[in-house]
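See structure below.
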Amino acid sequence: MALWKKLWLLFTVLWVFVGLLHVATILALADPVERGKVWLPVAITISGPPIAYLLAWFAVWLRKRGGQED
């Protein structure tokens with residue numbers, strides 16, 4: 001497995017863990033009226049790792065296209 005994929009997996013685990021802690025904190029401490037604020041952190045937690053994966057994949061693709069190998 002390529003190094004960038006290993007680092008992406010590590011990033012994903014940390015990202016999701018911190019995102020879930022954020023969501024849990026909002027749900028635990030917010031008033032019922034303010035619990036609607038939880039959707040933005042949920043969306044960011046879900047969308048962060050795929051965006052990072054696509055950016056890393058694109059960077060590797062550009063390097064290989066330019067004639068540089070890993």
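Letters A, B, ... mark the chains of the structure tokens in the order given; residue numbers begin at 1 per chain; ligand numbers begin at 1, in order shown.
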Note to self: At a cut-off of 12 Å, using only C-alpha atoms, what residues contact Gly48 (chain A)? Leave out same-chain residues fewer than 2 positions from it and give the result as a PyMOL selection string.
What the structure shows: chain A and resi 8+11-16+18-19+40-46+50-55
Shell of 12 Å around Lys37 (chain A), only C-alpha atoms, local chain residues under 5 positions omitted, as a PyMOL selection string
chain A and resi 22-27+29-32+42-43
Writing out the chosen residues with C-alpha atoms as a PDB file, in the first residue's frame:
ATOM      1  CA  HIS A  22     -17.649  17.471  18.394  1.00  0.00           C
ATOM      2  CA  VAL A  23     -21.103  16.187  17.467  1.00  0.00           C
ATOM      3  CA  ALA A  24     -21.478  14.357  20.788  1.00  0.00           C
ATOM      4  CA  THR A  25     -20.508  17.501  22.680  1.00  0.00           C
ATOM      5  CA  ILE A  26     -23.072  19.576  20.816  1.00  0.00           C
ATOM      6  CA  LEU A  27     -25.801  17.010  21.432  1.00  0.00           C
ATOM      7  CA  LEU A  29     -24.567  20.281  26.021  1.00  0.00           C
ATOM      8  CA  ALA A  30     -26.881  22.171  23.669  1.00  0.00           C
ATOM      9  CA  ASP A  31     -30.426  23.149  24.393  1.00  0.00           C
ATOM     10  CA  PRO A  32     -33.061  21.305  22.345  1.00  0.00           C
ATOM     11  CA  VAL A  42     -21.809  16.074  10.672  1.00  0.00           C
ATOM     12  CA  ALA A  43     -21.513  17.215   7.046  1.00  0.00           C
TER      13      ALA A  43
END
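Each of A:Leu21, A:Ala56, A:Ala28, A:Val38 was compared to Leu7 (chain A) using only C-alpha atoms, and A:Ala56 turns out to be the nearest.
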### Query
Mind pulling up the distance from CA of Gly66 (chain A) to CA of Ala2 (chain A)?
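Value for the CA of Ala2 (chain A)-CA of Gly66 (chain A) distance: 18.5 Å.
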Inset, instruction - State, in Å with one decimal place, the distance from CA of Val60 (chain A) to CA of Trp4 (chain A). - result: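 Between CA of Val60 (chain A) and CA of Trp4 (chain A) the gap works out to 8.8 Å.
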